Amino acid sequence: MDIIIYIFLLFLSFFVTFLKLNSFLKINTIYTFIWSMVGLLSKLDFLKIVKPSMQIHMFIWISIIVFNVIYLFLCVGNKEKGVPVLKYKVNYSYIYILNLIACLIISPLFFQACIGIMQNGFSNYRGSIFELANGSDISIFFNRVVVGAIFDATAVIAAAEIIQGRKKLLKWAIVGIILYTITYGGRYSIMNFIAYYMAAYLLLQRYKTFRIQFKRKYLILGVVALILVTIGRGTGEAGILGMVLLYFVGSLSYLQVILDHPVHYGLLDYTYGAMTFAFIVEPIALLLKFLFHLNIDTPSYHFNIYMQPFSNIGAYPNVVMYNNNSTFLYNFLRDFGVIGIVIGTAFISGVCAILENSSKKGDNRSVLLLIFIFGVIISSTMKYSLLTSKATIIILIILWVTRKQKDEKTGKRV
């Protein structure tokens, strides 16, 4: 029965997309497709890992229903009239300066990473992560959070620029991705750029004031880079396709392990909104800690103490060690229990709808924020990208380096 439900949801997503019942692909369609696909794959049991229970599938269906209801309800009263015009300008000087600062900050760890990789190989290298673990909170904040936010914000704007035929930020985006990927050995920088590029194409189709330029080569290069990094880190017996599948589907098995051991993973230790609204709560907590030396635990701390240790998600006798990627449903469960899934999903859906409406009214910087939120949606089956102050900095950078364009007749910003 559950497989039939997922197939129906996938069919419905395709039906809405290909018949163009919307003027362009809506985020609720994307959300439905992603979660339905992951749910369906988890039922097929390709990897011999713990099978998600019916409870998890119920959580998924609830989140899909809530997302669609909230999104469509908030968007229904603001239908498009005519062709919207993209009206924002980018202050490239600000972005260049920020990226130069980020490169200078990360360069010592980057050179350490290069030496470590040459000595131990990429699959065994975790030197920069250990370096940060032994460093101060300030060094971790600047080296990982601030630098990562600058590179990600640049990738968001670069993706939108490329679709519009402008390549000023492409080199900076590539440099940032390379530096961050080699330094920390992660894949999310590459995956985020792929998500941002696809989002920029999907979301900018409505604007007819310029020619959409979707270059497959950028998408292909991103996918190839993702595959190479995955191979470099080691695929084990699963192979490259198995590792990709594990990243998406394994999170549901991990969530099942968490639900089976609620005390061990902090599910009974409610955080009452700190996880869902972490991008607001964490900067405030960090500021209070810095100014008044208060002993305040941030939302990411409450997450990491339970999620950093590895857990076995393999179905006996298969052993598959897994950590961190617990889907964003775990964060909502930590906040309020099962009702947290409704609250958290409604919040994300509401943000998407508000940005959608705002972009139609002329605040087209909202399109850039929508591209960023698209990345949050893409990674939602793995993690909650709004968990740390990195997300806050990304949003602030996007707003800071872009401004509304002046109307040629009135001189006012529109």
# chains A, B, ... in the order shown; residues from 1 in each chain; ligands from 1

call {"tool": "closest_atom_pairs", "arguments": {"of": "stretch 102-182 of chain A", "to": "stretch 212-234 of chain A", "cutoff": "12 Å", "atoms": "only C-alpha atoms", "output": "Markdown table"}}
result
| residue | atom | partner | partner_atom | distance |
| --- | --- | --- | --- | --- |
| A:Ile117 | CA | A:Gly232 | CA | 10.4 |
| A:Asn120 | CA | A:Arg233 | CA | 11.7 |
| A:Gly121 | CA | A:Gly232 | CA | 8.3 |
| A:Phe122 | CA | A:Gly232 | CA | 5.8 |
| A:Ser123 | CA | A:Arg233 | CA | 3.9 |
| A:Asn124 | CA | A:Arg233 | CA | 7.5 |
| A:Tyr125 | CA | A:Arg233 | CA | 8.7 |
| A:Arg126 | CA | A:Arg233 | CA | 10.5 |
| A:Ala158 | CA | A:Tyr218 | CA | 11.7 |
| A:Ala159 | CA | A:Tyr218 | CA | 9.7 |
| A:Ala160 | CA | A:Ile212 | CA | 10.1 |
| A:Glu161 | CA | A:Gln213 | CA | 9.8 |
| A:Ile162 | CA | A:Gln213 | CA | 7.3 |
| A:Ile163 | CA | A:Gln213 | CA | 4.9 |
| A:Gln164 | CA | A:Ile212 | CA | 5.9 |
| A:Gly165 | CA | A:Gln213 | CA | 6.0 |
| A:Arg166 | CA | A:Gln213 | CA | 9.5 |
| A:Lys167 | CA | A:Gln213 | CA | 11.3 |
| A:Leu170 | CA | A:Tyr218 | CA | 10.0 |
| A:Ala173 | CA | A:Gly222 | CA | 11.8 |
| A:Ile174 | CA | A:Gly222 | CA | 9.9 |
| A:Ile177 | CA | A:Ala225 | CA | 10.2 |
| A:Ile178 | CA | A:Ala225 | CA | 9.7 |
| A:Thr181 | CA | A:Val229 | CA | 8.4 |
| A:Ile182 | CA | A:Val229 | CA | 9.0 |

call {"tool": "closest_atom_pairs", "arguments": {"of": "stretch 275-329 of chain A", "to": "stretch 53-76 of chain A", "cutoff": "12 Å", "atoms": "only C-alpha atoms", "output": "JSON lines"}}
result
{"residue": "A:Ser326", "atom": "CA", "partner": "A:Ile56", "partner_atom": "CA", "distance": 11.9}
{"residue": "A:Thr327", "atom": "CA", "partner": "A:Ile60", "partner_atom": "CA", "distance": 10.6}
{"residue": "A:Phe328", "atom": "CA", "partner": "A:Ser63", "partner_atom": "CA", "distance": 10.8}
{"residue": "A:Leu329", "atom": "CA", "partner": "A:Phe59", "partner_atom": "CA", "distance": 8.1}

call {"tool": "residues_around", "arguments": {"residues": "stretch 302-307 of chain A", "least_positions_apart": "4", "cutoff": "12 Å", "atoms": "only C-alpha atoms", "output": "ChimeraX atom specification"}}
result
/A:251,254-255,257-258,261-267,269-272,274-276,278,282,296-298,311,322-328,330-335,383-384,387-388

call {"tool": "residues_around", "arguments": {"residues": "A:Met321", "least_positions_apart": "3", "cutoff": "8 Å", "atoms": "only C-alpha atoms", "output": "ChimeraX atom specification"}}
result
/A:310-314

call {"tool": "write_last_selection", "arguments": {"atoms": "N, CA, C and O atoms", "output": "PDB file, in the first residue's frame"}}
result
ATOM      1  N   PHE A 310      29.158   7.631  15.323  1.00  0.00           N
ATOM      2  CA  PHE A 310      28.652   6.753  14.269  1.00  0.00           C
ATOM      3  C   PHE A 310      27.759   5.668  14.858  1.00  0.00           C
ATOM      4  O   PHE A 310      27.988   5.179  15.962  1.00  0.00           O
ATOM      5  N   SER A 311      26.736   5.309  14.084  1.00  0.00           N
ATOM      6  CA  SER A 311      25.819   4.242  14.467  1.00  0.00           C
ATOM      7  C   SER A 311      25.708   3.244  13.316  1.00  0.00           C
ATOM      8  O   SER A 311      25.831   3.620  12.144  1.00  0.00           O
ATOM      9  N   ASN A 312      25.453   2.003  13.640  1.00  0.00           N
ATOM     10  CA  ASN A 312      25.300   0.970  12.619  1.00  0.00           C
ATOM     11  C   ASN A 312      23.856   0.953  12.119  1.00  0.00           C
ATOM     12  O   ASN A 312      22.929   0.720  12.890  1.00  0.00           O
ATOM     13  N   ILE A 313      23.662   1.216  10.831  1.00  0.00           N
ATOM     14  CA  ILE A 313      22.320   1.166  10.252  1.00  0.00           C
ATOM     15  C   ILE A 313      22.160  -0.051   9.339  1.00  0.00           C
ATOM     16  O   ILE A 313      21.154  -0.180   8.641  1.00  0.00           O
ATOM     17  N   GLY A 314      23.148  -0.929   9.345  1.00  0.00           N
ATOM     18  CA  GLY A 314      23.079  -2.120   8.499  1.00  0.00           C
ATOM     19  C   GLY A 314      22.127  -3.154   9.070  1.00  0.00           C
ATOM     20  O   GLY A 314      21.985  -3.294  10.280  1.00  0.00           O
TER      21      GLY A 314
END

call {"tool": "select_by_dssp", "arguments": {"residues": "stretch 44-208 of chain A", "states": "strand (DSSP E or B)", "output": "MDAnalysis selection string"}}
result
chainID A and resid 49 88:90

call {"tool": "write_last_selection", "arguments": {"atoms": "N, CA, C and O atoms", "output": "CSV table (one decimal), in the first residue's frame"}}
result
chain,number,residue,atom,x,y,z
A,49,ILE,N,20.1,-2.4,4.5
A,49,ILE,CA,20.1,-1.6,5.7
A,49,ILE,C,18.8,-1.7,6.4
A,49,ILE,O,17.8,-2.2,5.9
A,88,TYR,N,17.1,43.4,-9.7
A,88,TYR,CA,18.1,43.5,-8.7
A,88,TYR,C,19.5,43.7,-9.3
A,88,TYR,O,19.7,43.2,-10.4
A,89,LYS,N,20.4,44.3,-8.6
A,89,LYS,CA,21.8,44.4,-9.1
A,89,LYS,C,22.7,43.9,-8.0
A,89,LYS,O,22.5,43.9,-6.8
A,90,VAL,N,23.8,43.3,-8.5
A,90,VAL,CA,24.8,42.7,-7.6
A,90,VAL,C,26.0,43.7,-7.5
A,90,VAL,O,26.5,44.2,-8.4

call {"tool": "atom_distance", "arguments": {"atom1": "atom CA of A:Cys103", "atom2": "atom CA of A:Pro299"}}
result
27.5 Å

call {"tool": "residues_around", "arguments": {"residues": "A:Val376", "least_positions_apart": "2", "cutoff": "10 Å", "atoms": "only C-alpha atoms", "output": "list in words"}}
result
Asn192, Ala195, Tyr196, Phe328, Ile348, Leu370, Ile371, Phe372, Ile373, Phe374, Ile378, Ser379, Ser380, Thr381, Met382, Lys383, Tyr384, Ser385, Leu386 and Ala391 of chain A

call {"tool": "residues_around", "arguments": {"residues": "A:Ile395", "least_positions_apart": "4", "cutoff": "10 Å", "atoms": "only C-alpha atoms", "output": "list in words"}}
result
Ala149, Ala153, Phe279, Leu368, Leu369, Phe372, Ile373, Ser389, Lys390, Ala391, Leu399 and Trp400 of chain A

call {"tool": "residues_around", "arguments": {"residues": "A:Tyr96", "least_positions_apart": "6", "cutoff": "10 Å", "atoms": "only C-alpha atoms", "output": "MDAnalysis selection string"}}
result
chainID A and resid 102 154 169 172

call {"tool": "atom_distance", "arguments": {"atom1": "atom CA of A:Ile157", "atom2": "atom CA of A:Ile398"}}
result
7.6 Å

call {"tool": "atom_distance", "arguments": {"atom1": "atom CA of A:Tyr180", "atom2": "atom CA of A:Leu109"}}
result
9.7 Å

call {"tool": "closest_residue", "arguments": {"among": "A:Ile30, A:Ile194, A:Val156, A:Val319", "to": "A:Thr402", "atoms": "only C-alpha atoms"}}
result
A:Val156

call {"tool": "select_by_dssp", "arguments": {"residues": "stretch 180-411 of chain A", "states": "alpha helix (DSSP H)", "output": "PyMOL selection string"}}
result
chain A and resi 180-184+188-203+216-233+239-260+278-292+299-307+327-336+339-360+365-378+389-401

call {"tool": "decode", "arguments": {"residues": "stretch 292-308 of chain A", "atoms": "N, CA and C atoms", "output": "PDB file, in the first residue's frame"}}
result
ATOM      1  N   PHE A 292      28.850  38.228  27.076  1.00  0.00           N
ATOM      2  CA  PHE A 292      28.662  38.084  28.517  1.00  0.00           C
ATOM      3  C   PHE A 292      29.241  36.784  29.084  1.00  0.00           C
ATOM      4  N   HIS A 293      29.940  36.031  28.236  1.00  0.00           N
ATOM      5  CA  HIS A 293      30.577  34.778  28.656  1.00  0.00           C
ATOM      6  C   HIS A 293      29.585  33.826  29.325  1.00  0.00           C
ATOM      7  N   LEU A 294      28.380  33.777  28.771  1.00  0.00           N
ATOM      8  CA  LEU A 294      27.345  32.906  29.295  1.00  0.00           C
ATOM      9  C   LEU A 294      27.553  31.475  28.810  1.00  0.00           C
ATOM     10  N   ASN A 295      27.200  30.542  29.641  1.00  0.00           N
ATOM     11  CA  ASN A 295      27.332  29.124  29.282  1.00  0.00           C
ATOM     12  C   ASN A 295      26.033  28.661  28.622  1.00  0.00           C
ATOM     13  N   ILE A 296      25.883  29.002  27.342  1.00  0.00           N
ATOM     14  CA  ILE A 296      24.668  28.677  26.592  1.00  0.00           C
ATOM     15  C   ILE A 296      25.019  27.653  25.512  1.00  0.00           C
ATOM     16  N   ASP A 297      24.263  26.587  25.464  1.00  0.00           N
ATOM     17  CA  ASP A 297      24.461  25.580  24.424  1.00  0.00           C
ATOM     18  C   ASP A 297      23.658  25.958  23.182  1.00  0.00           C
ATOM     19  N   THR A 298      24.313  25.966  22.042  1.00  0.00           N
ATOM     20  CA  THR A 298      23.652  26.328  20.786  1.00  0.00           C
ATOM     21  C   THR A 298      22.865  25.141  20.235  1.00  0.00           C
ATOM     22  N   PRO A 299      21.912  25.385  19.323  1.00  0.00           N
ATOM     23  CA  PRO A 299      21.163  24.279  18.709  1.00  0.00           C
ATOM     24  C   PRO A 299      22.068  23.246  18.035  1.00  0.00           C
ATOM     25  N   SER A 300      23.121  23.714  17.360  1.00  0.00           N
ATOM     26  CA  SER A 300      24.011  22.766  16.683  1.00  0.00           C
ATOM     27  C   SER A 300      24.743  21.885  17.697  1.00  0.00           C
ATOM     28  N   TYR A 301      25.010  22.412  18.904  1.00  0.00           N
ATOM     29  CA  TYR A 301      25.623  21.602  19.960  1.00  0.00           C
ATOM     30  C   TYR A 301      24.665  20.488  20.382  1.00  0.00           C
ATOM     31  N   HIS A 302      23.403  20.859  20.606  1.00  0.00           N
ATOM     32  CA  HIS A 302      22.403  19.859  20.999  1.00  0.00           C
ATOM     33  C   HIS A 302      22.251  18.784  19.923  1.00  0.00           C
ATOM     34  N   PHE A 303      22.474  19.164  18.670  1.00  0.00           N
ATOM     35  CA  PHE A 303      22.404  18.197  17.573  1.00  0.00           C
ATOM     36  C   PHE A 303      23.647  17.312  17.553  1.00  0.00           C
ATOM     37  N   ASN A 304      24.827  17.928  17.620  1.00  0.00           N
ATOM     38  CA  ASN A 304      26.081  17.200  17.422  1.00  0.00           C
ATOM     39  C   ASN A 304      26.381  16.196  18.531  1.00  0.00           C
ATOM     40  N   ILE A 305      25.979  16.478  19.777  1.00  0.00           N
ATOM     41  CA  ILE A 305      26.307  15.545  20.853  1.00  0.00           C
ATOM     42  C   ILE A 305      25.623  14.192  20.644  1.00  0.00           C
ATOM     43  N   TYR A 306      24.549  14.176  19.883  1.00  0.00           N
ATOM     44  CA  TYR A 306      23.850  12.920  19.601  1.00  0.00           C
ATOM     45  C   TYR A 306      24.156  12.382  18.204  1.00  0.00           C
ATOM     46  N   MET A 307      24.420  13.265  17.252  1.00  0.00           N
ATOM     47  CA  MET A 307      24.519  12.845  15.857  1.00  0.00           C
ATOM     48  C   MET A 307      25.943  12.623  15.357  1.00  0.00           C
ATOM     49  N   GLN A 308      26.961  13.159  16.036  1.00  0.00           N
ATOM     50  CA  GLN A 308      28.333  12.981  15.569  1.00  0.00           C
ATOM     51  C   GLN A 308      28.842  11.545  15.714  1.00  0.00           C
TER      52      GLN A 308
END
